[in-house]
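Reviewing the structure listed below.
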Amino acid sequence: MSPALKKAAAFPLLTDALHRTQSEGTQIYTSPAAFEAFIRGGGNVPLYERVSAELASHYTSSTRSLLDIGCGDGHALFPALAATAHPHTLERLTLVEPASALLASAVARAQAEQPTLPLQALNEGLGAFAAKLQPDDHWDLAQATFALQAIPEPERWAGLARLRAHVKRLVIVEFDIPDLERGSDDYIASLAQRYERALGEYEGATRDLVAQGFLIPMFLGQLDAQTAATNWEHPMPVWREKLESLGWRVTRLAHISDYFWAPAFVLVAEA
Ligand SMILES: C[S@@+](CC[C@H](N)C(=O)[O-])C[C@H]1O[C@@H](n2cnc3c(N)ncnc32)[C@H](O)[C@@H]1O
């Protein structure tokens, strides 16, 4: 067997999805239906269950105010609020989300699921939000799930530094990615393994939809050195070091869920 065939045999689902991309002339696009099928299926289901359970464990009897940075449509937040052991403690919820459509979905869900909880919904990113903070702005808990990776580093670190005077505790969830140089052989082999696993988590027509509309465009974008980065991830120890250098005191750092991309971890820090 030729080396190329051997490699293809090691990644049958990925090889098949790539062939279809070429042979059907599929446009590289990100389709909302494909992203929806991706995020509501496969390994995302246990991942989000675990993330929401972790968040809920930090909503204690003294958590009266909660800030969610980059809440998206609230896919992690609302199941966590529903699962808290202290449902009547929370007095206000603040959502910070620059994507208008996602914020609108989160607000609609808040109105449906938490109709009595006072809500502040801010259609802006962390940088703009942090720049406007007033001395008496305060939250007992700030959380960010898979959102800080989407924020360019200068905005992210400056925002988290400013936030420390306004928040008692910070809970973040991100992926503990392997420390590999973009474009290296090890990086490409790791990407192929990870996408092969992801494709195997879906079946039939859903697999095709998720592959052509989301996973393959993502995979090709990550292979292409010219594609501009849209997220800035780090291995878990880097998050700890950076937050400690900003004055946060990290009290918990642990993997909480296995996932195709990398294990998800939680970091809890006191201001
Ligand atoms: C992968 S999604 C995670 C959404 C949600 N927290 C969840 O767990 O499902 C990343 C989110 O970060 C948001 N985001 C992007 N840039 C941001 C910024 N500068 N400040 C705050 N959030 C940002 C995106 O709009 C998106 O909703």
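Chain identifiers are assigned as A, B, and so on, following the order in which chains appear in the structure tokens; residues are numbered from 1 within each chain, and ligands are numbered from 1 in order of appearance.
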Long-range neighbours of stretch 79-87 of chain A as a PyMOL selection string, 10 Å cut-off, only C-alpha atoms, 2 positions minimum in chain
chain A and resi 48-63+74-77+89-91+110+113-114
Return as a ChimeraX atom specification the full set of residues in stretch 196-248 of chain A whose backbone-based DSSP assignment is alpha helix (DSSP H).
/A:196-200,204-210,216-223,236-245
Using only C-alpha atoms and all ligand atoms, what are the residues with an atom within 6 Å of ligand 1, set out as a PDB file with all heavy atoms, in the first residue's frame?
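Saved file result_7.pdb follows:
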ATOM      1  N   ILE A  69     -19.846  36.685  29.824  1.00  0.00           N
ATOM      2  CA  ILE A  69     -19.105  37.366  28.749  1.00  0.00           C
ATOM      3  C   ILE A  69     -19.106  36.465  27.516  1.00  0.00           C
ATOM      4  O   ILE A  69     -18.644  35.326  27.575  1.00  0.00           O
ATOM      5  CB  ILE A  69     -17.649  37.631  29.207  1.00  0.00           C
ATOM      6  CG1 ILE A  69     -17.633  38.481  30.473  1.00  0.00           C
ATOM      7  CG2 ILE A  69     -16.845  38.289  28.082  1.00  0.00           C
ATOM      8  CD1 ILE A  69     -16.329  38.384  31.240  1.00  0.00           C
ATOM      9  N   GLY A  70     -19.609  36.980  26.393  1.00  0.00           N
ATOM     10  CA  GLY A  70     -19.672  36.171  25.169  1.00  0.00           C
ATOM     11  C   GLY A  70     -20.633  35.017  25.346  1.00  0.00           C
ATOM     12  O   GLY A  70     -20.303  33.868  25.045  1.00  0.00           O
ATOM     13  N   CYS A  71     -21.847  35.341  25.819  1.00  0.00           N
ATOM     14  CA  CYS A  71     -22.821  34.291  26.186  1.00  0.00           C
ATOM     15  C   CYS A  71     -23.338  33.519  24.983  1.00  0.00           C
ATOM     16  O   CYS A  71     -23.933  32.455  25.140  1.00  0.00           O
ATOM     17  CB  CYS A  71     -23.993  34.904  26.938  1.00  0.00           C
ATOM     18  SG  CYS A  71     -24.945  36.075  25.933  1.00  0.00           S
ATOM     19  N   GLY A  72     -23.153  34.052  23.754  1.00  0.00           N
ATOM     20  CA  GLY A  72     -23.757  33.406  22.586  1.00  0.00           C
ATOM     21  C   GLY A  72     -25.267  33.393  22.747  1.00  0.00           C
ATOM     22  O   GLY A  72     -25.860  34.373  23.211  1.00  0.00           O
ATOM     23  N   GLY A  74     -26.694  31.448  24.814  1.00  0.00           N
ATOM     24  CA  GLY A  74     -26.961  30.985  26.186  1.00  0.00           C
ATOM     25  C   GLY A  74     -27.019  29.477  26.321  1.00  0.00           C
ATOM     26  O   GLY A  74     -27.569  28.946  27.276  1.00  0.00           O
ATOM     27  N   HIS A  75     -26.394  28.789  25.382  1.00  0.00           N
ATOM     28  CA  HIS A  75     -26.435  27.323  25.338  1.00  0.00           C
ATOM     29  C   HIS A  75     -25.805  26.696  26.589  1.00  0.00           C
ATOM     30  O   HIS A  75     -26.219  25.619  27.018  1.00  0.00           O
ATOM     31  CB  HIS A  75     -25.673  26.885  24.075  1.00  0.00           C
ATOM     32  CG  HIS A  75     -25.895  25.475  23.678  1.00  0.00           C
ATOM     33  ND1 HIS A  75     -27.120  24.863  23.706  1.00  0.00           N
ATOM     34  CD2 HIS A  75     -25.014  24.541  23.214  1.00  0.00           C
ATOM     35  CE1 HIS A  75     -26.990  23.607  23.288  1.00  0.00           C
ATOM     36  NE2 HIS A  75     -25.724  23.395  22.984  1.00  0.00           N
ATOM     37  N   ALA A  76     -24.821  27.344  27.177  1.00  0.00           N
ATOM     38  CA  ALA A  76     -24.229  26.850  28.427  1.00  0.00           C
ATOM     39  C   ALA A  76     -24.937  27.473  29.636  1.00  0.00           C
ATOM     40  O   ALA A  76     -25.160  26.817  30.654  1.00  0.00           O
ATOM     41  CB  ALA A  76     -22.734  27.195  28.472  1.00  0.00           C
ATOM     42  N   GLU A  97     -22.502  40.375  24.704  1.00  0.00           N
ATOM     43  CA  GLU A  97     -22.385  39.550  23.494  1.00  0.00           C
ATOM     44  C   GLU A  97     -22.409  40.474  22.268  1.00  0.00           C
ATOM     45  O   GLU A  97     -23.394  41.153  22.025  1.00  0.00           O
ATOM     46  CB  GLU A  97     -23.541  38.535  23.457  1.00  0.00           C
ATOM     47  CG  GLU A  97     -23.680  37.755  22.165  1.00  0.00           C
ATOM     48  CD  GLU A  97     -22.417  37.029  21.733  1.00  0.00           C
ATOM     49  OE1 GLU A  97     -21.903  36.188  22.468  1.00  0.00           O
ATOM     50  OE2 GLU A  97     -21.917  37.348  20.624  1.00  0.00           O
ATOM     51  N   PRO A  98     -21.316  40.498  21.483  1.00  0.00           N
ATOM     52  CA  PRO A  98     -21.265  41.409  20.334  1.00  0.00           C
ATOM     53  C   PRO A  98     -22.086  40.957  19.124  1.00  0.00           C
ATOM     54  O   PRO A  98     -22.398  41.776  18.263  1.00  0.00           O
ATOM     55  CB  PRO A  98     -19.765  41.450  19.979  1.00  0.00           C
ATOM     56  CG  PRO A  98     -19.205  40.172  20.506  1.00  0.00           C
ATOM     57  CD  PRO A  98     -20.033  39.805  21.704  1.00  0.00           C
ATOM     58  N   ALA A  99     -22.421  39.679  19.039  1.00  0.00           N
ATOM     59  CA  ALA A  99     -23.196  39.195  17.882  1.00  0.00           C
ATOM     60  C   ALA A  99     -24.685  39.409  18.167  1.00  0.00           C
ATOM     61  O   ALA A  99     -25.264  38.727  19.025  1.00  0.00           O
ATOM     62  CB  ALA A  99     -22.889  37.724  17.620  1.00  0.00           C
ATOM     63  N   GLY A 125     -18.604  43.883  22.742  1.00  0.00           N
ATOM     64  CA  GLY A 125     -17.563  42.946  23.126  1.00  0.00           C
ATOM     65  C   GLY A 125     -16.970  43.286  24.484  1.00  0.00           C
ATOM     66  O   GLY A 125     -17.265  44.349  25.065  1.00  0.00           O
ATOM     67  N   LEU A 126     -16.115  42.399  24.973  1.00  0.00           N
ATOM     68  CA  LEU A 126     -15.500  42.587  26.295  1.00  0.00           C
ATOM     69  C   LEU A 126     -14.757  43.920  26.388  1.00  0.00           C
ATOM     70  O   LEU A 126     -14.842  44.608  27.412  1.00  0.00           O
ATOM     71  CB  LEU A 126     -14.532  41.416  26.569  1.00  0.00           C
ATOM     72  CG  LEU A 126     -13.669  41.529  27.813  1.00  0.00           C
ATOM     73  CD1 LEU A 126     -14.515  41.554  29.082  1.00  0.00           C
ATOM     74  CD2 LEU A 126     -12.655  40.382  27.877  1.00  0.00           C
ATOM     75  N   ALA A 144     -17.302  32.859  31.451  1.00  0.00           N
ATOM     76  CA  ALA A 144     -17.095  32.923  29.998  1.00  0.00           C
ATOM     77  C   ALA A 144     -16.807  31.502  29.539  1.00  0.00           C
ATOM     78  O   ALA A 144     -15.834  30.881  29.996  1.00  0.00           O
ATOM     79  CB  ALA A 144     -15.932  33.843  29.661  1.00  0.00           C
ATOM     80  N   THR A 145     -17.678  30.951  28.684  1.00  0.00           N
ATOM     81  CA  THR A 145     -17.475  29.587  28.193  1.00  0.00           C
ATOM     82  C   THR A 145     -17.155  29.629  26.703  1.00  0.00           C
ATOM     83  O   THR A 145     -17.949  30.102  25.901  1.00  0.00           O
ATOM     84  CB  THR A 145     -18.729  28.713  28.467  1.00  0.00           C
ATOM     85  OG1 THR A 145     -19.879  29.327  27.882  1.00  0.00           O
ATOM     86  CG2 THR A 145     -18.970  28.541  29.954  1.00  0.00           C
ATOM     87  N   PHE A 146     -15.982  29.177  26.349  1.00  0.00           N
ATOM     88  CA  PHE A 146     -15.495  29.123  24.961  1.00  0.00           C
ATOM     89  C   PHE A 146     -15.609  30.482  24.269  1.00  0.00           C
ATOM     90  O   PHE A 146     -15.733  30.553  23.045  1.00  0.00           O
ATOM     91  CB  PHE A 146     -16.251  28.046  24.158  1.00  0.00           C
ATOM     92  CG  PHE A 146     -16.343  26.729  24.868  1.00  0.00           C
ATOM     93  CD1 PHE A 146     -17.570  26.165  25.201  1.00  0.00           C
ATOM     94  CD2 PHE A 146     -15.189  26.058  25.235  1.00  0.00           C
ATOM     95  CE1 PHE A 146     -17.646  24.950  25.882  1.00  0.00           C
ATOM     96  CE2 PHE A 146     -15.255  24.838  25.913  1.00  0.00           C
ATOM     97  CZ  PHE A 146     -16.489  24.298  26.229  1.00  0.00           C
ATOM     98  N   ALA A 147     -15.585  31.548  25.039  1.00  0.00           N
ATOM     99  CA  ALA A 147     -15.746  32.887  24.477  1.00  0.00           C
ATOM    100  C   ALA A 147     -14.429  33.661  24.498  1.00  0.00           C
ATOM    101  O   ALA A 147     -14.132  34.410  23.568  1.00  0.00           O
ATOM    102  CB  ALA A 147     -16.815  33.663  25.250  1.00  0.00           C
ATOM    103  N   ALA A 150     -12.287  33.574  21.530  1.00  0.00           N
ATOM    104  CA  ALA A 150     -12.762  34.302  20.339  1.00  0.00           C
ATOM    105  C   ALA A 150     -12.379  35.782  20.386  1.00  0.00           C
ATOM    106  O   ALA A 150     -12.690  36.522  19.457  1.00  0.00           O
ATOM    107  CB  ALA A 150     -14.284  34.159  20.236  1.00  0.00           C
ATOM    108  N   ILE A 151     -11.732  36.202  21.454  1.00  0.00           N
ATOM    109  CA  ILE A 151     -11.404  37.620  21.635  1.00  0.00           C
ATOM    110  C   ILE A 151      -9.908  37.828  21.382  1.00  0.00           C
ATOM    111  O   ILE A 151      -9.087  37.140  21.996  1.00  0.00           O
ATOM    112  CB  ILE A 151     -11.761  38.087  23.074  1.00  0.00           C
ATOM    113  CG1 ILE A 151     -13.230  37.733  23.388  1.00  0.00           C
ATOM    114  CG2 ILE A 151     -11.509  39.579  23.228  1.00  0.00           C
ATOM    115  CD1 ILE A 151     -13.668  38.069  24.802  1.00  0.00           C
TER     116      ILE A 151
END
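When only C-alpha atoms are used to measure the gap to A:Gln143, the shortest distance among A:Glu201, A:Asp68, A:Asp179, A:Glu124 belongs to A:Asp68.
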Sort by chain and increasing residue number a table of all residues of stretch 182-224 of chain A within 7 Å of stretch 258-270 of chain A, each with its closest pair of atoms and their distance in Å to one decimal, counting only C-alpha atoms, and write it as CSV.
residue,atom,partner,partner_atom,distance
A:Arg194,CA,A:Phe260,CA,5.5
A:Arg197,CA,A:Phe260,CA,6.0
A:Ala198,CA,A:Phe260,CA,5.6
Only N, CA and C atoms, please: the residues just picked out, written as a short mmCIF file (atom, residue, chain, number, x, y, z; two decimals), in the first residue's frame.
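Result file is result08.cif:
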data_model
loop_
_atom_site.label_atom_id
_atom_site.label_comp_id
_atom_site.auth_asym_id
_atom_site.auth_seq_id
_atom_site.Cartn_x
_atom_site.Cartn_y
_atom_site.Cartn_z
N ARG A 194 -8.21 14.66 14.93
CA ARG A 194 -9.32 15.29 15.65
C ARG A 194 -10.57 15.40 14.78
N ARG A 197 -12.26 12.01 14.32
CA ARG A 197 -13.09 11.69 15.49
C ARG A 197 -14.41 12.46 15.44
N ALA A 198 -14.33 13.76 15.12
CA ALA A 198 -15.55 14.58 15.09
C ALA A 198 -16.56 14.02 14.09
#
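Residue nearest A:Phe38 within the list A:Gln212, A:Thr94, A:Thr116, A:Ser100: A:Gln212 [criterion: smallest interatomic distance, only C-alpha atoms].
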Would you list the contacts of A:Ala131 as a ChimeraX atom specification, taking every protein, DNA or RNA residue within 9 Å and counting only C-alpha atoms, but skipping same-chain residues closer than 4 positions in sequence?
/A:126-127,159,162
Which residues come within 7 Å of A:Leu14, counting only C-alpha atoms, excluding same-chain residues fewer than 3 positions away, as a list in words?
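Everything that qualifies: Phe11, Ala17, Leu18, Tyr195 and Glu196 of chain A.
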Would you mind telling me which residue in A:Leu67, A:Ile172, A:Leu180, A:Ala130 lies nearest to A:Leu243 when using only C-alpha atoms?
A:Ile172
A:Tyr202, A:Leu13, A:Ser65, A:Trp139: which is nearest A:Asn44, counting only C-alpha atoms?
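Looking only at the distances to A:Asn44, the closest residue turns out to be A:Tyr202.
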Nearest residue to A:Ala112 from the set A:Phe78, A:Thr251, A:Leu191, A:Gln222 (distances using only C-alpha atoms)
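Selected residue with least distance to A:Ala112: A:Phe78.
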Can you work out the spacing between atom CA of A:Leu95 and atom CA of A:Asn231 in Å, to one decimal?
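Atom CA of A:Asn231 lies 20.6 Å from atom CA of A:Leu95.
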Find, counting only C-alpha atoms, the residue in A:Ala254, A:Leu141, A:Leu209, A:Ala128 that gets nearest to A:Ser31.
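Nearest to A:Ser31: A:Leu209.
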